[in-house]
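Here is query-v9.csv, consisting of CSV, C-alpha atoms:
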```
chain,number,residue,atom,x,y,z
L,1,MET,CA,4.0,44.8,29.1
L,2,ALA,CA,1.3,43.1,31.1
L,3,THR,CA,-0.2,41.5,28.0
L,4,ALA,CA,3.3,40.2,27.0
L,5,MET,CA,3.7,38.6,30.4
L,6,PHE,CA,0.2,37.1,30.2
L,7,ARG,CA,0.9,35.7,26.8
L,8,SER,CA,4.2,34.1,27.8
L,9,SER,CA,2.6,32.5,30.9
L,10,ILE,CA,-0.2,31.1,28.7
L,11,ARG,CA,2.5,29.7,26.3
L,12,SER,CA,4.5,28.0,29.1
L,13,ALA,CA,1.3,26.6,30.5
L,14,LEU,CA,0.4,25.2,27.2
L,15,ARG,CA,3.8,23.6,26.9
L,16,GLY,CA,3.3,22.1,30.3
L,17,GLY,CA,6.2,24.0,31.8
L,18,ALA,CA,9.9,24.0,30.7
L,19,SER,CA,10.7,20.8,32.7
L,20,ARG,CA,8.6,18.7,30.3
L,21,VAL,CA,10.6,19.5,27.3
L,22,THR,CA,12.3,16.3,26.1
L,23,PRO,CA,15.2,16.2,23.5
L,24,ALA,CA,14.5,14.7,20.1
L,25,SER,CA,16.6,11.6,21.0
L,26,LYS,CA,14.2,10.7,23.8
L,27,ARG,CA,11.1,10.8,21.6
L,28,THR,CA,9.1,7.6,21.5
L,29,PHE,CA,6.7,7.5,18.6
L,30,ALA,CA,4.6,4.4,19.1
L,31,SER,CA,3.3,4.5,22.5
L,32,HIS,CA,3.9,5.5,26.1
L,33,ALA,CA,1.6,2.7,27.5
L,34,SER,CA,2.8,0.0,29.8
L,35,VAL,CA,3.3,-3.6,28.8
L,36,GLU,CA,0.0,-4.7,30.5
L,37,GLU,CA,-1.9,-2.0,28.7
L,38,GLU,CA,-0.3,-3.1,25.4
L,39,ALA,CA,-1.2,-6.7,26.1
L,40,ARG,CA,-4.8,-5.6,26.7
L,41,GLU,CA,-4.8,-3.7,23.4
L,42,ALA,CA,-3.3,-6.7,21.6
L,43,ALA,CA,-6.1,-8.9,23.0
L,44,LYS,CA,-8.7,-6.4,21.9
L,45,TRP,CA,-7.4,-6.1,18.4
L,46,GLU,CA,-7.1,-9.9,18.2
L,47,LYS,CA,-10.8,-10.1,18.9
L,48,ILE,CA,-11.6,-7.4,16.4
L,49,THR,CA,-9.6,-9.3,13.8
L,50,TYR,CA,-11.5,-12.5,14.4
L,51,VAL,CA,-14.9,-10.8,14.2
L,52,ALA,CA,-13.7,-9.1,10.9
L,53,ILE,CA,-12.5,-12.4,9.5
L,54,ILE,CA,-15.8,-14.2,10.3
L,55,THR,CA,-17.8,-11.3,8.8
L,56,SER,CA,-15.6,-11.4,5.6
L,57,THR,CA,-15.9,-15.1,5.3
L,58,ILE,CA,-19.7,-15.0,5.5
L,59,LEU,CA,-19.9,-12.2,2.9
L,60,ALA,CA,-17.4,-14.1,0.7
L,61,VAL,CA,-19.6,-17.3,0.8
L,62,VAL,CA,-22.7,-15.3,0.1
L,63,ASN,CA,-21.0,-13.6,-2.9
L,64,LEU,CA,-19.5,-16.7,-4.3
L,65,ALA,CA,-22.8,-18.6,-4.0
L,66,LYS,CA,-24.5,-15.9,-6.0
L,67,GLY,CA,-22.3,-16.4,-9.0
L,68,HIS,CA,-21.9,-13.6,-11.5
L,69,SER,CA,-24.3,-12.4,-14.1
L,70,HIS,CA,-23.5,-12.4,-17.8
L,71,SER,CA,-24.5,-9.1,-19.4
L,72,GLU,CA,-25.2,-9.0,-23.1
L,73,GLU,CA,-22.6,-7.5,-25.5
L,74,PRO,CA,-23.2,-3.7,-25.9
L,75,PRO,CA,-23.5,-2.2,-29.4
L,76,ALA,CA,-20.1,-1.4,-31.1
L,77,TYR,CA,-19.9,2.2,-29.9
L,78,PRO,CA,-16.7,3.8,-31.2
L,79,TYR,CA,-15.4,4.4,-27.6
L,80,LEU,CA,-15.6,0.7,-26.7
L,81,HIS,CA,-12.8,-1.8,-27.5
L,82,ILE,CA,-10.4,0.9,-28.6
L,83,ARG,CA,-7.5,-0.3,-30.7
L,84,ASN,CA,-5.1,2.5,-31.8
L,85,LYS,CA,-2.0,0.4,-32.3
L,86,GLU,CA,-0.9,-3.2,-31.7
L,87,PHE,CA,0.3,-4.4,-28.3
L,88,PRO,CA,3.9,-5.8,-28.3
L,89,TRP,CA,2.5,-9.2,-27.2
L,90,GLY,CA,-0.5,-9.5,-29.5
L,91,PRO,CA,-4.1,-8.4,-30.0
L,92,ASP,CA,-5.5,-8.5,-26.4
L,93,GLY,CA,-4.6,-7.2,-23.0
L,94,LEU,CA,-4.2,-9.3,-19.8
L,95,PHE,CA,-7.9,-9.3,-18.8
L,96,GLU,CA,-9.3,-8.6,-22.2
L,97,SER,CA,-10.1,-11.9,-23.8
L,98,LYS,CA,-13.7,-12.7,-22.6
L,99,HIS,CA,-14.5,-16.3,-23.3
L,100,HIS,CA,-16.7,-17.2,-20.4
K,1,MET,CA,28.6,0.2,18.3
K,2,ILE,CA,32.2,1.2,18.1
K,3,GLU,CA,33.6,2.1,21.5
K,4,SER,CA,35.4,5.3,20.5
K,5,GLN,CA,32.3,6.8,18.9
K,6,ARG,CA,31.2,9.8,20.9
K,7,HIS,CA,28.0,10.7,19.0
K,8,SER,CA,24.8,8.9,18.2
K,9,TYR,CA,24.9,9.4,14.5
K,10,HIS,CA,25.4,6.8,11.8
K,11,LEU,CA,28.3,7.6,9.4
K,12,VAL,CA,27.5,5.3,6.5
K,13,ASP,CA,30.2,3.5,4.5
K,14,PRO,CA,30.5,4.1,0.7
K,15,SER,CA,27.9,1.9,-1.1
K,16,PRO,CA,27.6,0.9,-4.8
K,17,TRP,CA,23.8,0.5,-4.5
K,18,PRO,CA,22.7,4.1,-5.3
K,19,ILE,CA,24.4,4.1,-8.7
K,20,SER,CA,23.4,0.5,-9.5
K,21,GLY,CA,19.8,1.4,-8.6
K,22,SER,CA,20.0,4.4,-10.9
K,23,LEU,CA,21.4,2.3,-13.8
K,24,GLY,CA,18.7,-0.3,-13.2
K,25,ALA,CA,16.0,2.4,-13.3
K,26,LEU,CA,17.4,3.8,-16.5
K,27,ALA,CA,17.5,0.4,-18.2
K,28,THR,CA,14.0,-0.3,-17.0
K,29,THR,CA,12.6,3.0,-18.4
K,30,VAL,CA,14.5,2.9,-21.7
K,31,GLY,CA,13.7,-0.8,-22.1
K,32,GLY,CA,10.0,-0.2,-21.2
K,33,VAL,CA,9.7,2.5,-23.9
K,34,MET,CA,11.5,0.4,-26.5
K,35,TYR,CA,9.3,-2.6,-25.6
K,36,MET,CA,6.1,-0.7,-25.9
K,37,HIS,CA,7.1,0.8,-29.3
K,38,SER,CA,8.1,-2.7,-30.5
K,39,PHE,CA,11.8,-2.0,-30.8
K,40,GLN,CA,14.2,-4.9,-31.1
K,41,GLY,CA,15.8,-5.8,-27.8
K,42,GLY,CA,13.2,-3.8,-25.8
K,43,ALA,CA,12.0,-6.8,-23.9
K,44,THR,CA,15.5,-7.9,-23.1
K,45,LEU,CA,16.6,-4.5,-21.8
K,46,LEU,CA,13.4,-4.1,-19.8
K,47,SER,CA,13.9,-7.6,-18.2
K,48,LEU,CA,17.6,-6.8,-17.4
K,49,GLY,CA,16.7,-3.5,-15.9
K,50,LEU,CA,14.0,-5.0,-13.7
K,51,ILE,CA,16.3,-7.8,-12.5
K,52,PHE,CA,19.0,-5.2,-11.8
K,53,LEU,CA,16.5,-3.1,-9.8
K,54,LEU,CA,15.2,-6.0,-7.8
K,55,TYR,CA,18.8,-7.2,-7.1
K,56,THR,CA,19.7,-3.7,-5.9
K,57,MET,CA,16.6,-3.5,-3.7
K,58,PHE,CA,17.5,-6.8,-2.1
K,59,VAL,CA,21.2,-6.1,-1.4
K,60,TRP,CA,20.6,-2.5,-0.3
K,61,TRP,CA,17.9,-3.5,2.2
K,62,ARG,CA,20.1,-6.4,3.3
K,63,ASP,CA,22.8,-3.9,4.1
K,64,VAL,CA,20.4,-1.7,6.1
K,65,LEU,CA,19.3,-4.7,8.1
K,66,ARG,CA,22.9,-5.6,8.9
K,67,GLU,CA,23.7,-2.0,9.9
K,68,SER,CA,20.6,-1.6,12.1
K,69,THR,CA,19.8,-5.0,13.5
K,70,PHE,CA,23.3,-6.6,13.8
K,71,GLU,CA,25.7,-3.7,14.1
K,72,GLY,CA,23.4,-1.5,16.1
K,73,HIS,CA,24.0,1.7,14.1
K,74,HIS,CA,20.3,2.8,14.3
K,75,THR,CA,20.2,4.7,17.5
K,76,LYS,CA,17.1,6.7,18.5
K,77,VAL,CA,18.4,9.7,16.6
K,78,VAL,CA,19.2,7.6,13.5
K,79,GLN,CA,15.7,6.1,13.5
K,80,LEU,CA,14.3,9.6,12.9
K,81,GLY,CA,15.7,9.6,9.4
K,82,PRO,CA,13.9,6.5,8.0
K,83,ARG,CA,10.7,7.6,9.8
K,84,TYR,CA,10.6,11.0,8.3
K,85,GLY,CA,11.7,9.6,4.9
K,86,PHE,CA,8.9,7.0,4.9
K,87,ILE,CA,6.3,9.6,5.9
K,88,LEU,CA,7.5,11.8,3.0
K,89,PHE,CA,7.3,8.7,0.7
K,90,ILE,CA,3.7,8.1,1.8
K,91,VAL,CA,2.9,11.8,1.2
K,92,SER,CA,4.2,11.5,-2.4
K,93,GLU,CA,2.0,8.3,-2.8
K,94,VAL,CA,-1.0,10.3,-1.7
K,95,MET,CA,-0.3,12.9,-4.4
K,96,PHE,CA,0.1,10.1,-7.0
K,97,PHE,CA,-3.3,8.5,-6.1
K,98,PHE,CA,-4.9,12.0,-6.0
K,99,ALA,CA,-4.0,12.4,-9.7
K,100,LEU,CA,-5.7,9.0,-10.5
K,101,PHE,CA,-8.8,10.0,-8.6
K,102,ARG,CA,-8.8,13.4,-10.2
K,103,ALA,CA,-8.6,11.7,-13.7
K,104,SER,CA,-11.7,9.7,-12.8
K,105,SER,CA,-13.7,12.6,-11.3
K,106,HIS,CA,-12.7,14.9,-14.2
K,107,SER,CA,-14.1,12.4,-16.7
K,108,SER,CA,-17.3,11.5,-14.6
K,109,LEU,CA,-18.5,14.9,-13.2
K,110,ALA,CA,-19.1,16.3,-16.7
K,111,PRO,CA,-19.2,13.4,-19.1
K,112,THR,CA,-18.5,14.4,-22.7
K,113,VAL,CA,-20.9,13.9,-25.6
K,114,GLU,CA,-18.5,11.3,-27.1
K,115,ILE,CA,-19.5,8.8,-24.4
K,116,GLY,CA,-23.2,9.7,-24.5
K,117,GLY,CA,-23.1,12.5,-22.0
K,118,ILE,CA,-23.6,10.1,-19.1
K,119,TRP,CA,-21.6,8.3,-16.5
K,120,PRO,CA,-21.1,5.3,-16.6
K,121,PRO,CA,-20.8,5.7,-20.4
K,122,LYS,CA,-23.6,4.2,-22.6
K,123,GLY,CA,-22.9,0.5,-23.2
K,124,ILE,CA,-20.8,0.0,-20.0
K,125,ALA,CA,-22.3,-2.5,-17.6
K,126,VAL,CA,-20.7,-1.7,-14.2
K,127,LEU,CA,-20.1,-4.0,-11.3
K,128,ASP,CA,-22.5,-4.0,-8.3
K,129,PRO,CA,-20.6,-2.1,-5.6
K,130,TRP,CA,-22.3,-4.1,-2.8
K,131,GLU,CA,-21.0,-7.5,-4.0
K,132,ILE,CA,-17.3,-8.2,-4.5
K,133,PRO,CA,-16.2,-4.5,-4.3
K,134,PHE,CA,-17.7,-4.1,-0.8
K,135,LEU,CA,-16.3,-7.4,0.4
K,136,ASN,CA,-12.9,-6.4,-1.0
K,137,THR,CA,-13.1,-3.2,1.1
K,138,LEU,CA,-13.9,-5.1,4.3
K,139,ILE,CA,-11.0,-7.6,3.8
K,140,PRO,CA,-8.2,-4.9,3.8
K,141,LEU,CA,-9.9,-3.3,6.8
K,142,SER,CA,-9.7,-6.6,8.6
K,143,SER,CA,-6.1,-6.9,7.6
K,144,GLY,CA,-5.6,-3.4,9.0
K,145,ALA,CA,-7.0,-4.6,12.3
K,146,ALA,CA,-4.6,-7.6,12.2
K,147,VAL,CA,-1.6,-5.3,11.7
K,148,THR,CA,-2.7,-3.2,14.7
K,149,TRP,CA,-3.0,-6.5,16.7
K,150,ALA,CA,0.6,-7.3,15.6
K,151,HIS,CA,1.8,-3.8,16.6
K,152,HIS,CA,0.4,-4.1,20.2
K,153,ALA,CA,1.7,-7.6,20.5
K,154,ILE,CA,5.2,-6.4,19.6
K,155,LEU,CA,4.9,-3.6,22.1
K,156,ALA,CA,3.7,-6.0,24.8
K,157,GLY,CA,6.7,-8.3,24.0
K,158,LYS,CA,4.4,-11.1,22.8
K,159,GLU,CA,6.7,-12.3,20.0
K,160,LYS,CA,4.8,-15.4,18.9
K,161,ARG,CA,1.4,-13.6,18.9
K,162,ALA,CA,2.9,-10.9,16.7
K,163,VAL,CA,4.0,-13.6,14.2
K,164,TYR,CA,0.4,-15.0,14.2
K,165,ALA,CA,-1.0,-11.5,13.7
K,166,LEU,CA,1.3,-10.9,10.7
K,167,VAL,CA,0.3,-14.3,9.2
K,168,ALA,CA,-3.4,-13.1,9.5
K,169,THR,CA,-2.4,-9.7,7.9
K,170,VAL,CA,-0.7,-11.4,5.0
K,171,SER,CA,-3.4,-14.1,4.5
K,172,LEU,CA,-6.2,-11.4,4.3
K,173,ALA,CA,-4.0,-9.5,1.8
K,174,LEU,CA,-3.7,-12.6,-0.4
K,175,VAL,CA,-7.4,-13.2,-0.3
K,176,PHE,CA,-8.0,-9.6,-1.3
K,177,THR,CA,-5.7,-10.0,-4.3
K,178,GLY,CA,-7.5,-13.3,-5.3
K,179,PHE,CA,-10.9,-11.6,-5.2
K,180,GLN,CA,-9.5,-8.6,-7.1
K,181,GLY,CA,-8.2,-11.0,-9.8
K,182,MET,CA,-11.6,-12.7,-10.0
K,183,GLU,CA,-13.3,-9.3,-10.3
K,184,TYR,CA,-11.0,-8.3,-13.1
K,185,TYR,CA,-11.5,-11.5,-15.0
K,186,GLN,CA,-15.3,-11.4,-14.7
K,187,ALA,CA,-15.7,-7.6,-15.3
K,188,PRO,CA,-17.9,-7.0,-18.4
K,189,PHE,CA,-15.6,-4.1,-19.5
K,190,THR,CA,-11.9,-3.8,-20.1
K,191,ILE,CA,-9.2,-1.1,-19.8
K,192,SER,CA,-9.8,-0.3,-23.5
K,193,ASP,CA,-13.6,0.2,-23.1
K,194,SER,CA,-13.9,4.0,-22.9
K,195,ILE,CA,-12.6,6.5,-20.4
K,196,TYR,CA,-14.6,4.5,-17.7
K,197,GLY,CA,-12.5,1.4,-18.3
K,198,SER,CA,-9.3,3.4,-18.5
K,199,THR,CA,-9.8,5.3,-15.2
K,200,PHE,CA,-11.3,2.3,-13.4
K,201,PHE,CA,-8.4,-0.1,-14.2
K,202,LEU,CA,-5.7,2.6,-13.8
K,203,ALA,CA,-6.9,3.5,-10.3
K,204,THR,CA,-7.8,0.0,-9.0
K,205,GLY,CA,-4.8,-1.6,-10.8
K,206,PHE,CA,-2.3,0.8,-9.2
K,207,HIS,CA,-4.0,0.1,-5.8
K,208,GLY,CA,-3.8,-3.6,-6.4
K,209,PHE,CA,-0.1,-3.2,-7.2
K,210,HIS,CA,0.4,-1.3,-3.9
K,211,VAL,CA,-1.4,-4.1,-2.1
K,212,ILE,CA,1.1,-6.6,-3.5
K,213,ILE,CA,4.0,-4.4,-2.4
K,214,GLY,CA,2.4,-4.0,1.1
K,215,THR,CA,2.0,-7.8,1.2
K,216,ILE,CA,5.7,-8.4,0.5
K,217,PHE,CA,6.6,-5.7,3.1
K,218,SER,CA,4.4,-7.5,5.7
K,219,ILE,CA,5.8,-10.9,4.8
K,220,ILE,CA,9.3,-9.5,5.4
K,221,CYS,CA,8.2,-8.1,8.7
K,222,GLY,CA,6.7,-11.5,9.7
K,223,ILE,CA,9.9,-13.3,8.8
K,224,ARG,CA,12.0,-10.7,10.8
K,225,GLN,CA,9.6,-11.0,13.7
K,226,TYR,CA,9.9,-14.8,13.6
K,227,LEU,CA,13.8,-14.4,13.6
K,228,GLY,CA,13.6,-12.0,16.6
K,229,HIS,CA,14.8,-8.9,14.7
K,230,LEU,CA,12.0,-6.7,16.0
K,231,THR,CA,12.0,-5.7,19.7
K,232,LYS,CA,9.7,-3.7,21.9
K,233,GLU,CA,11.9,-0.7,21.6
K,234,HIS,CA,13.2,-1.0,18.1
K,235,HIS,CA,10.9,-2.0,15.1
K,236,VAL,CA,11.0,0.9,12.6
K,237,GLY,CA,10.7,-1.5,9.7
K,238,PHE,CA,7.5,-2.9,11.1
K,239,GLU,CA,6.1,0.6,11.8
K,240,ALA,CA,6.8,1.6,8.2
K,241,ALA,CA,5.0,-1.5,6.9
K,242,ALA,CA,2.0,-0.7,9.2
K,243,TRP,CA,1.8,2.9,8.0
K,244,TYR,CA,2.0,1.8,4.4
K,245,TRP,CA,-0.7,-0.9,5.0
K,246,HIS,CA,-3.1,1.7,6.5
K,247,PHE,CA,-2.4,4.1,3.6
K,248,VAL,CA,-3.3,1.3,1.1
K,249,ASP,CA,-6.4,0.6,3.2
K,250,VAL,CA,-7.5,4.3,3.1
K,251,VAL,CA,-7.0,4.4,-0.7
K,252,ARG,CA,-9.2,1.4,-1.0
K,253,LEU,CA,-12.0,3.2,1.0
K,254,PHE,CA,-11.8,6.1,-1.4
K,255,LEU,CA,-11.8,3.8,-4.4
K,256,PHE,CA,-14.9,2.1,-3.1
K,257,VAL,CA,-16.8,5.3,-2.3
K,258,SER,CA,-15.9,7.3,-5.4
K,259,ILE,CA,-15.2,4.8,-8.2
K,260,TYR,CA,-17.2,1.7,-7.4
K,261,TRP,CA,-20.2,3.2,-5.6
K,262,TRP,CA,-20.6,6.9,-6.7
K,263,GLY,CA,-19.2,6.2,-10.1
K,264,GLY,CA,-21.2,3.0,-10.6
K,265,ILE,CA,-24.8,4.2,-10.1
```

What is this file in structure tokens?
Amino acid sequence: MATAMFRSSIRSALRGGASRVTPASKRTFASHASVEEEAREAAKWEKITYVAIITSTILAVVNLAKGHSHSEEPPAYPYLHIRNKEFPWGPDGLFESKHH
Amino acid sequence: MIESQRHSYHLVDPSPWPISGSLGALATTVGGVMYMHSFQGGATLLSLGLIFLLYTMFVWWRDVLRESTFEGHHTKVVQLGPRYGFILFIVSEVMFFFALFRASSHSSLAPTVEIGGIWPPKGIAVLDPWEIPFLNTLIPLSSGAAVTWAHHAILAGKEKRAVYALVATVSLALVFTGFQGMEYYQAPFTISDSIYGSTFFLATGFHGFHVIIGTIFSIICGIRQYLGHLTKEHHVGFEAAAWYWHFVDVVRLFLFVSIYWWGGI
């Protein structure tokens, strides 16, 4: 009896008391924060976006300046360039013709 | 809302779109199989099916926008439906991508003798993960930051800033797709080069397809934000787009770590 009462009091404490129960129709999913708080968060994420864009741009320039390496053709292993039947549109796939 | 209605539920009108969508999907599937087996009329049926499907998507979502934004049928209770539905959709997408990752790890963890017993298979020159692949992981992450910026801007009632944030989101998405196309074009292997090529292009290709869907979703949100459809209190469509965008972002992180990085060394 005593343990049952103890348990139920723990449970109601965890729920934050019966008065805190809100119906499903009142649920707000996104945030409970105030408008000022949201504006601060928006400004913070705006800054993060700018930093990320700058970093990406630098990396993009570095990568594009490097160019890409041409690797030599591998030996004709049977598991490379597999052709079991013809494609409806012709011999090669979309990214398959390599003339560069 | 109708004055006499004494409950907060949306009793929908009969709609032709479920059956037209089903017929479009049927024509697409049958047409696709016929096309790939070089049957006569396969390409025509496939094209008709896709046009039918795209048309259905357009008019169905148009109807939902009319019911929610202009007729006010989407009360707080009604909004729960699309939210739970979209969460379940993303869960199903997680399972779909799990299968693609599993196909890759199944083939790479114990490479068969047929591909030389090693991963990447003998003769496959892989991409350096720290070049374009790393950059193309950072770009979707930046786009994810921009969509979070848009979310807080909407909640703060800053409508113009939210449009700018969505423009940033979409621009980064387009840059990602551009780099991905470049990577595909320059890749020294193709989808028909061993199980490596098959699993690589299957997983990264489906991810790229999802990025394009997410880009269209974000463009629609940007247009709706510009038109004033999304308010501080009611922006379920935007939230779904943001969830989807973060999901696509997380898939890219897993792609980078497991396929480009771990699978490429």

*Using all atoms listed in the file, which of the listed residues (L:Val51, L:Leu64, L:Ile82, L:Ile58) sits closest to chain K?*
L:Ile82

*asked:* Counting all atoms listed in the file, a student should be able to say which residues of chain K come within 6 Å of chain L; what is the right answer, written as a ChimeraX atom specification?
replied: /K:38,76-77,123,142,145-146,149,152-153,156,185,190,192-194

_Which residue of K:Phe201, K:Trp245, K:Tyr226, K:Phe254 approaches Tyr184 of chain K most closely, using only C-alpha atoms_ =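 Nearest candidate to Tyr184 of chain K out of K:Phe201, K:Trp245, K:Tyr226, K:Phe254: K:Phe201.
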
_Within 10 Å of His73 of chain K using only C-alpha atoms, minus same-chain residues under 6 positions, as an MDAnalysis selection string_ = chainID K and resid 1:2 8:12 64:67 79

_Need to verify the contact set: Leu45 of chain K, 10 Å, only C-alpha atoms, exclusion of same-chain residues closer than 6 positions in sequence. Can you return it as a PyMOL selection string?_
chain K and resi 24+26-32+34-35+51

Dump C-alpha atoms for the selected residues as a PDB file, in the coordinates of the input?
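Heads up, here's the output in selection.pdb:
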```pdb
ATOM      1  CA  GLY K  24      18.700  -0.300 -13.200  1.00  0.00           C
ATOM      2  CA  LEU K  26      17.400   3.800 -16.500  1.00  0.00           C
ATOM      3  CA  ALA K  27      17.500   0.400 -18.200  1.00  0.00           C
ATOM      4  CA  THR K  28      14.000  -0.300 -17.000  1.00  0.00           C
ATOM      5  CA  THR K  29      12.600   3.000 -18.400  1.00  0.00           C
ATOM      6  CA  VAL K  30      14.500   2.900 -21.700  1.00  0.00           C
ATOM      7  CA  GLY K  31      13.700  -0.800 -22.100  1.00  0.00           C
ATOM      8  CA  GLY K  32      10.000  -0.200 -21.200  1.00  0.00           C
ATOM      9  CA  MET K  34      11.500   0.400 -26.500  1.00  0.00           C
ATOM     10  CA  TYR K  35       9.300  -2.600 -25.600  1.00  0.00           C
ATOM     11  CA  ILE K  51      16.300  -7.800 -12.500  1.00  0.00           C
TER      12      ILE K  51
END
```

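Distance check against Val248 of chain K using all atoms listed in the file: of K:Ser15, K:Thr112, K:Thr204, K:Ser105, the minimum falls on K:Thr204.
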
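From atom CA of His7 of chain K back to atom CA of Thr75 of chain K, the distance works out to 10.0 Å.
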
*asked:* Please compute the atom CA of Gly90 of chain L-atom CA of His37 of chain K distance, one decimal, in Å.
replied: 12.8 Å
